[in-house]
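*Asks:* Okay, so here is input-v5.pdb, and as you'll see once you scroll down, it has PDB, C-alpha atoms, pLDDT in the B column.
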```
ATOM      1  CA  GLU A   1       0.000   0.000   0.000  1.00 78.00           C
ATOM      2  CA  ASP A   2       1.259   3.450  -0.927  1.00 82.00           C
ATOM      3  CA  GLN A   3       2.014   5.593   2.129  1.00 89.00           C
ATOM      4  CA  VAL A   4       3.112   9.165   2.730  1.00 95.00           C
ATOM      5  CA  THR A   5       4.277  10.320   6.171  1.00 96.00           C
ATOM      6  CA  GLN A   6       5.061  13.916   7.080  1.00 97.00           C
ATOM      7  CA  SER A   7       7.032  15.069  10.093  1.00 97.00           C
ATOM      8  CA  PRO A   8       6.885  16.866  12.350  1.00 97.00           C
ATOM      9  CA  GLU A   9       3.124  17.323  12.741  1.00 96.00           C
ATOM     10  CA  ALA A  10       3.694  20.858  13.989  1.00 97.00           C
ATOM     11  CA  LEU A  11       6.715  23.161  14.034  1.00 98.00           C
ATOM     12  CA  ARG A  12       7.146  26.492  15.742  1.00 98.00           C
ATOM     13  CA  LEU A  13      10.032  28.715  14.615  1.00 98.00           C
ATOM     14  CA  GLN A  14      11.298  32.147  15.473  1.00 98.00           C
ATOM     15  CA  GLU A  15      11.502  34.548  12.548  1.00 98.00           C
ATOM     16  CA  GLY A  16      14.811  33.926  10.780  1.00 97.00           C
ATOM     17  CA  GLU A  17      15.277  30.436  12.257  1.00 98.00           C
ATOM     18  CA  SER A  18      15.806  28.060   9.297  1.00 98.00           C
ATOM     19  CA  SER A  19      14.499  24.493   9.397  1.00 98.00           C
ATOM     20  CA  SER A  20      13.261  21.583   7.277  1.00 98.00           C
ATOM     21  CA  LEU A  21      10.042  19.651   6.908  1.00 98.00           C
ATOM     22  CA  ASN A  22      10.151  15.976   5.985  1.00 98.00           C
ATOM     23  CA  CYS A  23       7.969  13.870   3.694  1.00 98.00           C
ATOM     24  CA  SER A  24       8.827  10.178   3.530  1.00 97.00           C
ATOM     25  CA  TYR A  25       7.075   7.872   1.117  1.00 95.00           C
ATOM     26  CA  THR A  26       6.646   4.196   0.367  1.00 92.00           C
ATOM     27  CA  VAL A  27       5.187   3.729  -3.099  1.00 85.00           C
ATOM     28  CA  SER A  28       5.400   1.168  -5.864  1.00 81.00           C
ATOM     29  CA  GLY A  29       6.769   3.617  -8.397  1.00 85.00           C
ATOM     30  CA  LEU A  30       7.061   7.386  -8.132  1.00 88.00           C
ATOM     31  CA  ARG A  31       5.741   9.500 -10.994  1.00 89.00           C
ATOM     32  CA  GLY A  32       5.932  12.786  -9.098  1.00 92.00           C
ATOM     33  CA  LEU A  33       6.020  14.343  -5.626  1.00 95.00           C
ATOM     34  CA  PHE A  34       4.081  17.540  -4.960  1.00 96.00           C
ATOM     35  CA  TRP A  35       4.308  20.152  -2.216  1.00 98.00           C
ATOM     36  CA  TYR A  36       1.348  22.371  -1.367  1.00 98.00           C
ATOM     37  CA  ARG A  37       0.786  25.228   1.062  1.00 98.00           C
ATOM     38  CA  GLN A  38      -2.571  25.592   2.804  1.00 97.00           C
ATOM     39  CA  ASP A  39      -3.655  28.720   4.673  1.00 97.00           C
ATOM     40  CA  PRO A  40      -6.543  28.566   7.203  1.00 94.00           C
ATOM     41  CA  GLY A  41      -9.923  28.583   5.482  1.00 93.00           C
ATOM     42  CA  LYS A  42      -8.396  28.113   2.028  1.00 96.00           C
ATOM     43  CA  GLY A  43      -7.710  25.275  -0.353  1.00 97.00           C
ATOM     44  CA  PRO A  44      -4.179  23.934  -0.829  1.00 97.00           C
ATOM     45  CA  GLU A  45      -2.005  25.973  -3.185  1.00 97.00           C
ATOM     46  CA  PHE A  46       0.585  24.279  -5.392  1.00 96.00           C
ATOM     47  CA  LEU A  47       4.258  24.990  -4.651  1.00 97.00           C
ATOM     48  CA  PHE A  48       6.526  22.422  -6.373  1.00 95.00           C
ATOM     49  CA  THR A  49       6.667  19.200  -8.329  1.00 95.00           C
ATOM     50  CA  LEU A  50       9.710  16.912  -8.105  1.00 96.00           C
ATOM     51  CA  TYR A  51      10.077  13.990 -10.481  1.00 93.00           C
ATOM     52  CA  SER A  52      13.393  12.234  -9.807  1.00 93.00           C
ATOM     53  CA  ALA A  53      15.932  11.708  -7.024  1.00 94.00           C
ATOM     54  CA  GLY A  54      18.441  14.533  -6.819  1.00 96.00           C
ATOM     55  CA  GLU A  55      16.054  17.135  -8.195  1.00 97.00           C
ATOM     56  CA  GLU A  56      15.708  20.481  -6.382  1.00 98.00           C
ATOM     57  CA  LYS A  57      13.248  23.359  -6.823  1.00 98.00           C
ATOM     58  CA  GLU A  58      13.335  26.809  -5.187  1.00 97.00           C
ATOM     59  CA  LYS A  59      10.848  29.594  -4.635  1.00 95.00           C
ATOM     60  CA  GLU A  60      11.738  32.582  -2.461  1.00 95.00           C
ATOM     61  CA  ARG A  61      12.648  31.170   0.990  1.00 97.00           C
ATOM     62  CA  LEU A  62      11.571  27.620   0.139  1.00 98.00           C
ATOM     63  CA  LYS A  63      13.633  24.833  -1.414  1.00 98.00           C
ATOM     64  CA  ALA A  64      12.338  21.329  -2.054  1.00 98.00           C
ATOM     65  CA  THR A  65      14.626  18.338  -2.518  1.00 98.00           C
ATOM     66  CA  LEU A  66      13.969  14.701  -3.374  1.00 97.00           C
ATOM     67  CA  THR A  67      15.690  11.384  -2.646  1.00 95.00           C
ATOM     68  CA  LYS A  68      14.504   7.853  -3.406  1.00 92.00           C
ATOM     69  CA  LYS A  69      12.721   7.632  -0.049  1.00 93.00           C
ATOM     70  CA  GLU A  70      11.902  11.157   1.081  1.00 97.00           C
ATOM     71  CA  SER A  71      11.575  14.820   0.261  1.00 98.00           C
ATOM     72  CA  PHE A  72      12.545  17.821   2.322  1.00 98.00           C
ATOM     73  CA  LEU A  73      11.088  21.292   2.261  1.00 98.00           C
ATOM     74  CA  HIS A  74      13.797  23.631   3.516  1.00 98.00           C
ATOM     75  CA  ILE A  75      12.716  27.013   4.831  1.00 98.00           C
ATOM     76  CA  THR A  76      15.490  29.612   5.007  1.00 98.00           C
ATOM     77  CA  ALA A  77      15.107  32.638   7.295  1.00 98.00           C
ATOM     78  CA  PRO A  78      11.325  32.238   7.575  1.00 97.00           C
ATOM     79  CA  LYS A  79       8.952  35.150   8.082  1.00 98.00           C
ATOM     80  CA  PRO A  80       5.567  35.167   9.868  1.00 97.00           C
ATOM     81  CA  GLU A  81       3.813  35.105   6.478  1.00 97.00           C
ATOM     82  CA  ASP A  82       5.309  31.633   5.884  1.00 98.00           C
ATOM     83  CA  SER A  83       3.021  30.304   8.627  1.00 98.00           C
ATOM     84  CA  ALA A  84       0.733  27.694   7.048  1.00 98.00           C
ATOM     85  CA  THR A  85       0.183  23.970   6.758  1.00 97.00           C
ATOM     86  CA  TYR A  86       2.486  22.328   4.220  1.00 98.00           C
ATOM     87  CA  LEU A  87       1.199  19.226   2.464  1.00 98.00           C
ATOM     88  CA  CYS A  88       3.129  16.600   0.564  1.00 97.00           C
ATOM     89  CA  ALA A  89       1.530  14.280  -2.011  1.00 95.00           C
ATOM     90  CA  VAL A  90       2.817  11.541  -4.291  1.00 93.00           C
ATOM     91  CA  GLN A  91       1.638  10.354  -7.671  1.00 90.00           C
ATOM     92  CA  THR A  92       2.548   6.766  -8.437  1.00 86.00           C
ATOM     93  CA  SER A  93       3.299   5.278 -11.834  1.00 77.00           C
ATOM     94  CA  GLY A  94       0.104   3.230 -11.739  1.00 68.00           C
ATOM     95  CA  ASN A  95      -3.409   4.559 -12.237  1.00 68.00           C
ATOM     96  CA  THR A  96      -4.055   5.210  -8.546  1.00 76.00           C
ATOM     97  CA  PRO A  97      -4.946   8.771  -7.507  1.00 83.00           C
ATOM     98  CA  LEU A  98      -2.691  11.143  -5.622  1.00 87.00           C
ATOM     99  CA  VAL A  99      -1.814  10.120  -2.037  1.00 90.00           C
ATOM    100  CA  PHE A 100      -1.518  12.955   0.509  1.00 94.00           C
ATOM    101  CA  GLY A 101       0.369  13.139   3.770  1.00 95.00           C
ATOM    102  CA  LYS A 102      -1.335  14.660   6.807  1.00 96.00           C
ATOM    103  CA  GLY A 103       0.696  17.843   6.665  1.00 97.00           C
ATOM    104  CA  THR A 104       3.032  19.880   8.856  1.00 97.00           C
ATOM    105  CA  ARG A 105       1.579  22.936  10.571  1.00 97.00           C
ATOM    106  CA  LEU A 106       4.251  25.639  10.592  1.00 98.00           C
ATOM    107  CA  SER A 107       4.093  28.686  12.857  1.00 98.00           C
ATOM    108  CA  VAL A 108       6.682  31.447  12.501  1.00 98.00           C
ATOM    109  CA  ILE A 109       6.792  33.860  15.415  1.00 97.00           C
ATOM    110  CA  ALA A 110       8.050  37.433  15.014  1.00 96.00           C
TER     111      ALA A 110
ATOM    112  CA  ASN B   1      -9.712  33.361 -14.568  1.00 66.00           C
ATOM    113  CA  ALA B   2     -11.816  31.959 -11.702  1.00 80.00           C
ATOM    114  CA  GLY B   3     -10.111  28.546 -11.476  1.00 95.00           C
ATOM    115  CA  VAL B   4     -12.094  26.107  -9.297  1.00 97.00           C
ATOM    116  CA  THR B   5     -15.281  27.497  -7.754  1.00 97.00           C
ATOM    117  CA  GLN B   6     -17.126  25.752  -4.942  1.00 98.00           C
ATOM    118  CA  THR B   7     -20.547  26.630  -3.584  1.00 97.00           C
ATOM    119  CA  PRO B   8     -21.799  27.044  -0.953  1.00 97.00           C
ATOM    120  CA  LYS B   9     -18.942  28.083   1.372  1.00 97.00           C
ATOM    121  CA  PHE B  10     -20.841  27.012   4.488  1.00 97.00           C
ATOM    122  CA  GLN B  11     -23.790  24.672   5.031  1.00 97.00           C
ATOM    123  CA  VAL B  12     -25.628  23.262   8.028  1.00 97.00           C
ATOM    124  CA  LEU B  13     -27.789  20.173   7.558  1.00 97.00           C
ATOM    125  CA  LYS B  14     -29.924  18.059   9.804  1.00 98.00           C
ATOM    126  CA  THR B  15     -29.335  14.318   9.917  1.00 98.00           C
ATOM    127  CA  GLY B  16     -31.107  12.627   7.020  1.00 97.00           C
ATOM    128  CA  GLN B  17     -31.272  15.669   4.760  1.00 97.00           C
ATOM    129  CA  SER B  18     -29.754  15.566   1.290  1.00 96.00           C
ATOM    130  CA  MET B  19     -27.843  18.230  -0.567  1.00 96.00           C
ATOM    131  CA  THR B  20     -25.485  18.849  -3.462  1.00 98.00           C
ATOM    132  CA  LEU B  21     -22.100  20.539  -3.218  1.00 98.00           C
ATOM    133  CA  GLN B  22     -21.291  22.329  -6.437  1.00 98.00           C
ATOM    134  CA  CYS B  23     -17.892  22.463  -8.143  1.00 98.00           C
ATOM    135  CA  ALA B  24     -17.075  24.185 -11.409  1.00 98.00           C
ATOM    136  CA  GLN B  25     -13.757  24.800 -13.182  1.00 98.00           C
ATOM    137  CA  ASP B  26     -13.020  27.021 -16.158  1.00 96.00           C
ATOM    138  CA  MET B  27      -9.595  25.627 -17.097  1.00 96.00           C
ATOM    139  CA  ASN B  28     -10.856  22.826 -19.392  1.00 95.00           C
ATOM    140  CA  HIS B  29      -9.326  20.238 -17.072  1.00 96.00           C
ATOM    141  CA  GLU B  30     -10.214  16.605 -17.743  1.00 95.00           C
ATOM    142  CA  TYR B  31      -9.533  15.380 -14.189  1.00 95.00           C
ATOM    143  CA  MET B  32     -11.719  16.455 -11.253  1.00 96.00           C
ATOM    144  CA  SER B  33     -11.913  15.131  -7.733  1.00 96.00           C
ATOM    145  CA  TRP B  34     -13.535  15.567  -4.322  1.00 98.00           C
ATOM    146  CA  TYR B  35     -11.681  15.380  -1.006  1.00 97.00           C
ATOM    147  CA  ARG B  36     -12.744  15.720   2.563  1.00 97.00           C
ATOM    148  CA  GLN B  37     -10.395  17.139   5.176  1.00 97.00           C
ATOM    149  CA  ASP B  38     -10.759  16.278   8.847  1.00 95.00           C
ATOM    150  CA  PRO B  39      -8.444  17.161  11.757  1.00 89.00           C
ATOM    151  CA  GLY B  40      -5.701  14.568  12.102  1.00 85.00           C
ATOM    152  CA  MET B  41      -6.843  12.675   9.001  1.00 86.00           C
ATOM    153  CA  GLY B  42      -5.474  14.805   6.205  1.00 88.00           C
ATOM    154  CA  LEU B  43      -7.075  14.933   2.767  1.00 94.00           C
ATOM    155  CA  ARG B  44      -9.039  11.825   1.824  1.00 94.00           C
ATOM    156  CA  LEU B  45     -10.315  11.188  -1.681  1.00 95.00           C
ATOM    157  CA  ILE B  46     -14.064  10.623  -2.014  1.00 97.00           C
ATOM    158  CA  HIS B  47     -14.663  10.335  -5.782  1.00 97.00           C
ATOM    159  CA  TYR B  48     -12.850  11.350  -8.924  1.00 95.00           C
ATOM    160  CA  SER B  49     -13.435  11.679 -12.646  1.00 95.00           C
ATOM    161  CA  VAL B  50     -10.972  11.426 -15.537  1.00 93.00           C
ATOM    162  CA  GLY B  51     -13.397  12.970 -18.016  1.00 94.00           C
ATOM    163  CA  ALA B  52     -17.045  13.657 -18.812  1.00 94.00           C
ATOM    164  CA  GLY B  53     -19.159  10.556 -18.281  1.00 95.00           C
ATOM    165  CA  ILE B  54     -16.465   8.737 -16.251  1.00 95.00           C
ATOM    166  CA  THR B  55     -16.355   8.568 -12.450  1.00 96.00           C
ATOM    167  CA  ASP B  56     -14.674   6.291  -9.933  1.00 95.00           C
ATOM    168  CA  GLN B  57     -14.537   5.789  -6.188  1.00 95.00           C
ATOM    169  CA  GLY B  58     -11.766   7.007  -3.960  1.00 93.00           C
ATOM    170  CA  GLU B  59     -10.837   6.053  -0.415  1.00 91.00           C
ATOM    171  CA  VAL B  60     -14.076   7.112   1.357  1.00 95.00           C
ATOM    172  CA  PRO B  61     -16.993   6.977  -1.136  1.00 97.00           C
ATOM    173  CA  ASN B  62     -19.816   5.699   1.093  1.00 96.00           C
ATOM    174  CA  GLY B  63     -22.716   8.108   1.484  1.00 96.00           C
ATOM    175  CA  TYR B  64     -21.714  10.213  -1.525  1.00 98.00           C
ATOM    176  CA  ASN B  65     -22.675  10.206  -5.213  1.00 97.00           C
ATOM    177  CA  VAL B  66     -21.131  12.028  -8.158  1.00 98.00           C
ATOM    178  CA  SER B  67     -21.792  12.499 -11.838  1.00 96.00           C
ATOM    179  CA  ARG B  68     -19.850  14.243 -14.610  1.00 97.00           C
ATOM    180  CA  SER B  69     -22.107  15.323 -17.444  1.00 97.00           C
ATOM    181  CA  THR B  70     -19.833  18.165 -18.592  1.00 97.00           C
ATOM    182  CA  THR B  71     -16.106  18.865 -18.453  1.00 96.00           C
ATOM    183  CA  GLU B  72     -16.704  21.940 -16.285  1.00 97.00           C
ATOM    184  CA  ASP B  73     -18.924  20.619 -13.489  1.00 98.00           C
ATOM    185  CA  PHE B  74     -18.515  17.873 -10.908  1.00 98.00           C
ATOM    186  CA  PRO B  75     -21.232  17.996  -8.215  1.00 98.00           C
ATOM    187  CA  LEU B  76     -21.051  15.927  -5.034  1.00 98.00           C
ATOM    188  CA  ARG B  77     -24.348  14.648  -3.621  1.00 98.00           C
ATOM    189  CA  LEU B  78     -24.929  13.671  -0.023  1.00 97.00           C
ATOM    190  CA  LEU B  79     -27.800  11.217  -0.092  1.00 92.00           C
ATOM    191  CA  SER B  80     -28.791  11.177   3.602  1.00 96.00           C
ATOM    192  CA  ALA B  81     -26.501  13.343   5.725  1.00 97.00           C
ATOM    193  CA  ALA B  82     -24.956  11.907   8.885  1.00 97.00           C
ATOM    194  CA  PRO B  83     -22.943  13.643  11.635  1.00 97.00           C
ATOM    195  CA  SER B  84     -19.880  11.671  10.464  1.00 97.00           C
ATOM    196  CA  GLN B  85     -20.023  13.688   7.241  1.00 97.00           C
ATOM    197  CA  THR B  86     -19.286  16.915   9.111  1.00 98.00           C
ATOM    198  CA  SER B  87     -16.100  18.050   7.403  1.00 98.00           C
ATOM    199  CA  VAL B  88     -14.512  20.505   5.005  1.00 98.00           C
ATOM    200  CA  TYR B  89     -14.933  19.430   1.396  1.00 98.00           C
ATOM    201  CA  PHE B  90     -12.508  20.394  -1.359  1.00 98.00           C
ATOM    202  CA  CYS B  91     -12.915  20.047  -5.087  1.00 98.00           C
ATOM    203  CA  ALA B  92      -9.758  19.888  -7.193  1.00 97.00           C
ATOM    204  CA  SER B  93      -8.934  19.625 -10.883  1.00 96.00           C
ATOM    205  CA  SER B  94      -5.930  19.063 -13.121  1.00 94.00           C
ATOM    206  CA  PRO B  95      -5.299  18.625 -16.845  1.00 92.00           C
ATOM    207  CA  ASP B  96      -4.760  14.868 -16.560  1.00 84.00           C
ATOM    208  CA  GLY B  97      -4.674  13.733 -12.903  1.00 78.00           C
ATOM    209  CA  ARG B  98      -1.264  12.148 -13.462  1.00 75.00           C
ATOM    210  CA  SER B  99       1.831  14.361 -13.507  1.00 78.00           C
ATOM    211  CA  SER B 100       0.095  17.744 -13.332  1.00 86.00           C
ATOM    212  CA  PRO B 101      -0.549  19.473  -9.988  1.00 91.00           C
ATOM    213  CA  LEU B 102      -4.073  19.780  -8.653  1.00 94.00           C
ATOM    214  CA  HIS B 103      -5.856  23.140  -8.500  1.00 96.00           C
ATOM    215  CA  PHE B 104      -8.111  23.356  -5.442  1.00 97.00           C
ATOM    216  CA  GLY B 105     -11.209  25.345  -4.661  1.00 97.00           C
ATOM    217  CA  ASN B 106     -11.547  27.107  -1.326  1.00 96.00           C
ATOM    218  CA  GLY B 107     -13.781  24.484   0.190  1.00 97.00           C
ATOM    219  CA  THR B 108     -17.256  23.979   1.620  1.00 98.00           C
ATOM    220  CA  ARG B 109     -17.532  23.695   5.395  1.00 97.00           C
ATOM    221  CA  LEU B 110     -20.398  21.299   6.162  1.00 98.00           C
ATOM    222  CA  THR B 111     -21.917  20.694   9.579  1.00 98.00           C
ATOM    223  CA  VAL B 112     -24.460  17.920  10.110  1.00 98.00           C
ATOM    224  CA  THR B 113     -26.428  18.115  13.358  1.00 97.00           C
TER     225      THR B 113
END
```
For this file, produce the structure as structure tokens.

*Replies:*
Amino acid sequence: EDQVTQSPEALRLQEGESSSLNCSYTVSGLRGLFWYRQDPGKGPEFLFTLYSAGEEKEKERLKATLTKKESFLHITAPKPEDSATYLCAVQTSGNTPLVFGKGTRLSVIA
Amino acid sequence: NAGVTQTPKFQVLKTGQSMTLQCAQDMNHEYMSWYRQDPGMGLRLIHYSVGAGITDQGEVPNGYNVSRSTTEDFPLRLLSAAPSQTSVYFCASSPDGRSSPLHFGNGTRLTVT
């Protein structure tokens, strides 16, 4: 069974304190790994897609990386506006739909 | 460009009532899907569609019906609401449901009393 596990469940950072969120996966064949950001009361918003081990994508203070077993979302010098829930999802090479992790709730304190 | 539009934003039902959650997209996406999001459970797939006239069940389909008569619309019907269906419901679409990211609506918050 395809599984996606995100850790930690919640993370509290001081403004400027860099850290990483983890998404580990066990799937039969990876077609793509997606990161989303979700603000309270809103739908998830797409951030990145990673397709193969070693790939990296960056956007402002965020950088996503991928290995054969996990992905990291690195947050450099975070600001309070980076506070949100970050979701990871994997698409397998079969016909099964996207599998989501439960998310990491990030709070950045000024 | 409106993207994915869900209505209503909020709804309160009594146990046993039925209702339809509406979802429309204006991006000509073939793939559409419905998720429910509950605290500690993450996003769980209810039903999905890979094109007009084609639907399939996801992880938690019981108590819900869908149909896809047009590319644009994918309504979710609750047949006889139960308190266990209290949740936030998200509709999402993508060009193909495979390697393309999903575009989400802003959700419908449903309470069943």

*Asks:* Which polymer residues, whether protein, DNA or RNA, lie within 12 Å of the coordinate (-24.0, 11.9, -4.2) when you count only C-alpha atoms? List them as a ChimeraX atom specification, using the chain letters and numbers from the file.

*Replies:* /B:18-22,34,46-47,55,57,61-68,74-81

*Asks:* Distance atom CA of A:Gln3-atom CA of A:Arg105, one decimal place?

*Replies:*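 Between atom CA of A:Gln3 and atom CA of A:Arg105 the gap is 19.3 Å.
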
*Asks:* Taking the file as shown, find all residues satisfying the PyMOL selection byres ((chain A) within 12 of (chain B)) and write them as a ChimeraX atom specification.

*Replies:* /A:4-6,9-10,30-51,85-105

*Asks:* Care to translate the PyMOL selection byres ((chain A and resi 72-83) around 8) into actual residues of this file, as number ranges by chain?

*Replies:* A: 13-23, 39, 61-66, 70-71, 84-85, 105-110

*Asks:* For B:Thr5, which residue out of B:Asp96, B:Glu30, B:Glu72, B:Asp56 is the nearest one, using all atoms listed in the file?

*Replies:* B:Glu72

*Asks:* Please write as a list in words the full residue list that the PyMOL selection byres ((chain B and resi 53) around 10) yields on this file.

*Replies:*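 Matching residues under the PyMOL selection byres ((chain B and resi 53) around 10) are Ser49, Val50, Gly51, Ala52, Ile54, Thr55, Ser67, Arg68, Ser69, Thr70 and Thr71 of chain B.
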